[in-house]
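**Q** If it helps, the file is called final_16.txt and holds compact mmCIF, C-alpha atoms:
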# COMPACT_ATOMS: atom_id res chain seq x y z
CA MET A 1 19.86 73.58 -222.39
CA LYS A 2 21.74 70.69 -223.91
CA LYS A 3 21.26 67.26 -222.36
CA TYR A 4 24.27 65.02 -222.03
CA ARG A 5 24.04 61.31 -222.34
CA LEU A 6 25.78 59.10 -219.79
CA GLU A 7 28.02 57.65 -222.48
CA ASP A 8 29.20 61.14 -223.48
CA ILE A 9 30.02 62.03 -219.88
CA PHE A 10 31.88 58.76 -219.39
CA GLU A 11 33.81 59.23 -222.65
CA ARG A 12 34.86 62.76 -221.73
CA SER A 13 35.95 61.75 -218.25
CA LEU A 14 38.06 58.92 -219.72
CA LYS A 15 39.78 61.39 -222.03
CA ILE A 16 40.75 63.48 -219.01
CA PHE A 17 41.58 60.81 -216.43
CA LYS A 18 43.32 58.22 -218.60
CA PRO A 19 46.46 60.32 -219.19
CA LEU A 20 46.39 61.48 -215.57
CA VAL A 21 46.28 57.92 -214.22
CA GLY A 22 49.05 56.91 -216.62
CA PHE A 23 51.20 59.82 -215.51
CA VAL A 24 50.68 59.05 -211.80
CA PHE A 25 51.51 55.38 -212.39
CA ALA A 26 54.68 56.21 -214.35
CA LEU A 27 55.79 58.74 -211.74
CA SER A 28 55.27 56.29 -208.87
CA LEU A 29 57.19 53.62 -210.78
CA VAL A 30 60.15 55.94 -211.33
CA ILE A 31 60.15 57.07 -207.69
CA THR A 32 60.16 53.49 -206.38
CA CYS A 33 63.01 52.54 -208.74
CA ILE A 34 65.42 55.15 -207.36
CA TYR A 35 67.48 54.12 -204.35
CA ARG A 36 70.26 55.76 -202.37
CA VAL A 37 73.52 54.22 -201.20
CA GLU A 38 74.93 55.96 -198.12
CA SER A 39 78.58 57.01 -197.82
CA ASP A 40 79.47 54.05 -195.59
CA GLU A 41 77.77 51.43 -197.79
CA ILE A 42 78.07 49.66 -201.11
CA ALA A 43 75.20 47.98 -202.92
CA LEU A 44 74.78 44.88 -205.05
CA ILE A 45 71.94 44.46 -207.51
CA LEU A 46 70.44 41.02 -208.03
CA ARG A 47 68.34 40.70 -211.16
CA PHE A 48 66.14 37.64 -210.89
CA GLY A 49 68.51 36.35 -208.20
CA ARG A 50 71.77 36.75 -210.14
CA ARG A 51 74.35 39.49 -209.82
CA ARG A 52 73.98 42.20 -212.43
CA GLY A 53 76.96 43.48 -214.41
CA ALA A 54 79.77 41.99 -216.46
CA ASN A 55 82.71 43.25 -214.39
CA PRO A 56 83.18 44.22 -210.71
CA GLU A 57 82.88 47.94 -211.42
CA GLU A 58 79.35 47.43 -212.75
CA ARG A 59 78.36 44.98 -210.00
CA ILE A 60 79.25 47.16 -207.01
CA LYS A 61 77.34 50.42 -206.65
CA THR A 62 79.16 53.19 -204.82
CA PRO A 63 77.52 55.90 -202.67
CA GLY A 64 74.95 58.09 -204.39
CA LEU A 65 71.61 57.82 -206.18
CA HIS A 66 71.06 54.84 -208.46
CA PHE A 67 68.28 53.23 -210.49
CA ALA A 68 67.01 49.66 -210.25
CA PHE A 69 63.90 48.02 -211.61
CA PRO A 70 61.05 47.29 -209.19
CA ARG A 71 61.58 44.71 -206.45
CA ILE A 72 59.97 41.95 -208.52
CA ILE A 73 62.87 42.18 -211.01
CA ASP A 74 65.81 43.68 -209.08
CA GLU A 75 66.78 43.28 -205.44
CA VAL A 76 69.09 45.87 -203.88
CA ILE A 77 71.39 44.54 -201.16
CA LYS A 78 73.18 47.24 -199.16
CA ILE A 79 76.36 46.22 -197.36
CA PRO A 80 77.86 48.42 -194.62
CA VAL A 81 81.60 48.68 -195.29
CA GLY A 82 82.72 51.92 -193.67
CA LYS A 83 81.41 51.57 -190.13
CA ILE A 84 83.94 51.35 -187.36
CA TRP A 85 82.96 49.30 -184.36
CA GLN A 86 85.03 49.60 -181.21
CA VAL A 87 84.91 47.14 -178.34
CA VAL A 88 86.89 47.81 -175.19
CA VAL A 89 88.36 44.63 -173.72
CA THR A 90 89.36 44.92 -170.07
CA THR A 91 89.33 41.29 -169.00
CA HIS A 92 90.46 38.08 -170.56
CA TYR A 93 89.26 34.61 -169.71
CA ALA A 94 91.63 31.69 -170.12
CA ASN A 95 91.08 28.20 -168.76
CA GLY A 96 88.18 29.38 -166.59
CA SER A 97 90.13 32.10 -164.77
CA VAL A 98 90.31 35.87 -165.30
CA ILE A 99 93.61 37.39 -166.47
CA ASN A 100 93.85 41.20 -166.02
CA SER A 101 97.53 42.00 -165.71
CA ASN A 102 98.79 42.29 -169.30
CA ILE A 103 95.57 43.51 -170.95
CA GLU A 104 95.32 46.91 -169.25
CA ARG A 105 98.95 47.75 -170.09
CA ASN A 106 99.14 46.50 -173.70
CA GLY A 107 95.50 46.21 -174.80
CA TYR A 108 94.09 44.20 -177.66
CA LEU A 109 93.05 45.03 -181.19
CA ILE A 110 90.14 43.13 -182.69
CA THR A 111 89.58 43.48 -186.41
CA GLY A 112 87.39 41.73 -188.88
Do you think you could lay out the structure here as structure tokens?

**A**
Amino acid sequence: MKKYRLEDIFERSLKIFKPLVGFVFALSLVITCIYRVESDEIALILRFGRRRGANPEERIKTPGLHFAFPRIIDEVIKIPVGKIWQVVVTTHYANGSVINSNIERNGYLITG
């Protein structure tokens, strides 16, 4: 029976685990760099605090899957642009008193 030295065992295990650790690290890096922009959002990428891209088409990311460097380098800011918020206004306050007459008939539209 052949006896193995501790150095031989360590050397063989390094040959096996070194590529495996490198692969796991690279895979985790790629997975964390992929982000998704929803259909009602746009995204801006800040690289070291400055907007990335030379023109507006490159600066604004549309819905879909995109790639950015890790958070230390790139920051992804998602902005909701397609959400519709509805607020029903039934009363109106003016000069400390409640005005109801004209609002229920005509209504108001609040946009912004």

**Q** Find the spatial neighbours of Arg50 in chain A, counting all atoms listed in the file, within a cut-off of 12 Å - ignore same-chain residues fewer than 5 positions away - and output them as a PyMOL selection string.

**A** chain A and resi 44-45+59+73-77

**Q** Please produce an output containing C-alpha atoms for each residue in the selection, written as a PDB file, keeping the file's coordinate frame.

**A**
ATOM      1  CA  LEU A  44      74.780  44.880-205.050  1.00  0.00           C
ATOM      2  CA  ILE A  45      71.940  44.460-207.510  1.00  0.00           C
ATOM      3  CA  ARG A  59      78.360  44.980-210.000  1.00  0.00           C
ATOM      4  CA  ILE A  73      62.870  42.180-211.010  1.00  0.00           C
ATOM      5  CA  ASP A  74      65.810  43.680-209.080  1.00  0.00           C
ATOM      6  CA  GLU A  75      66.780  43.280-205.440  1.00  0.00           C
ATOM      7  CA  VAL A  76      69.090  45.870-203.880  1.00  0.00           C
ATOM      8  CA  ILE A  77      71.390  44.540-201.160  1.00  0.00           C
TER       9      ILE A  77
END

**Q** Extract, using only C-alpha atoms, all DNA, RNA and protein residues at most 10 Å from Asp40 in chain A, discarding same-chain residues fewer than 2 positions from it, and format them as a tab-separated table (two decimals) with C-alpha atoms, keeping the file's coordinate frame.

**A**
chain	number	residue	atom	x	y	z
A	37	VAL	CA	73.52	54.22	-201.20
A	38	GLU	CA	74.93	55.96	-198.12
A	42	ILE	CA	78.07	49.66	-201.11
A	62	THR	CA	79.16	53.19	-204.82
A	63	PRO	CA	77.52	55.90	-202.67
A	78	LYS	CA	73.18	47.24	-199.16
A	79	ILE	CA	76.36	46.22	-197.36
A	80	PRO	CA	77.86	48.42	-194.62
A	81	VAL	CA	81.60	48.68	-195.29
A	82	GLY	CA	82.72	51.92	-193.67
A	83	LYS	CA	81.41	51.57	-190.13
A	84	ILE	CA	83.94	51.35	-187.36

**Q** Just how far from CA of Cys33 in chain A is CA of His66 in chain A, in Å to one decimal?

**A**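 Between these atoms lies a distance of 8.4 Å.
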
**Q** One decimal, Å: what's the distance from CA of Leu29 in chain A over to CA of Leu46 in chain A, could you say?

**A**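 Result for CA of Leu29 in chain A versus CA of Leu46 in chain A: 18.5 Å, one decimal.
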
**Q** Hey, could you pull the box centre and edge lengths for range 49-57 of chain A, axis-aligned, 8 Å padding per side, all listed atoms, to one decimal in Å, as JSON?

**A**
{"center_x": 75.8, "center_y": 42.1, "center_z": -212.3, "size_x": 30.7, "size_y": 27.6, "size_z": 24.3}

**Q** Rounded to one decimal, what separation in Å do you get between CA of Thr32 in chain A and CA of Phe17 in chain A?

**A**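 It comes out at 22.4 Å.
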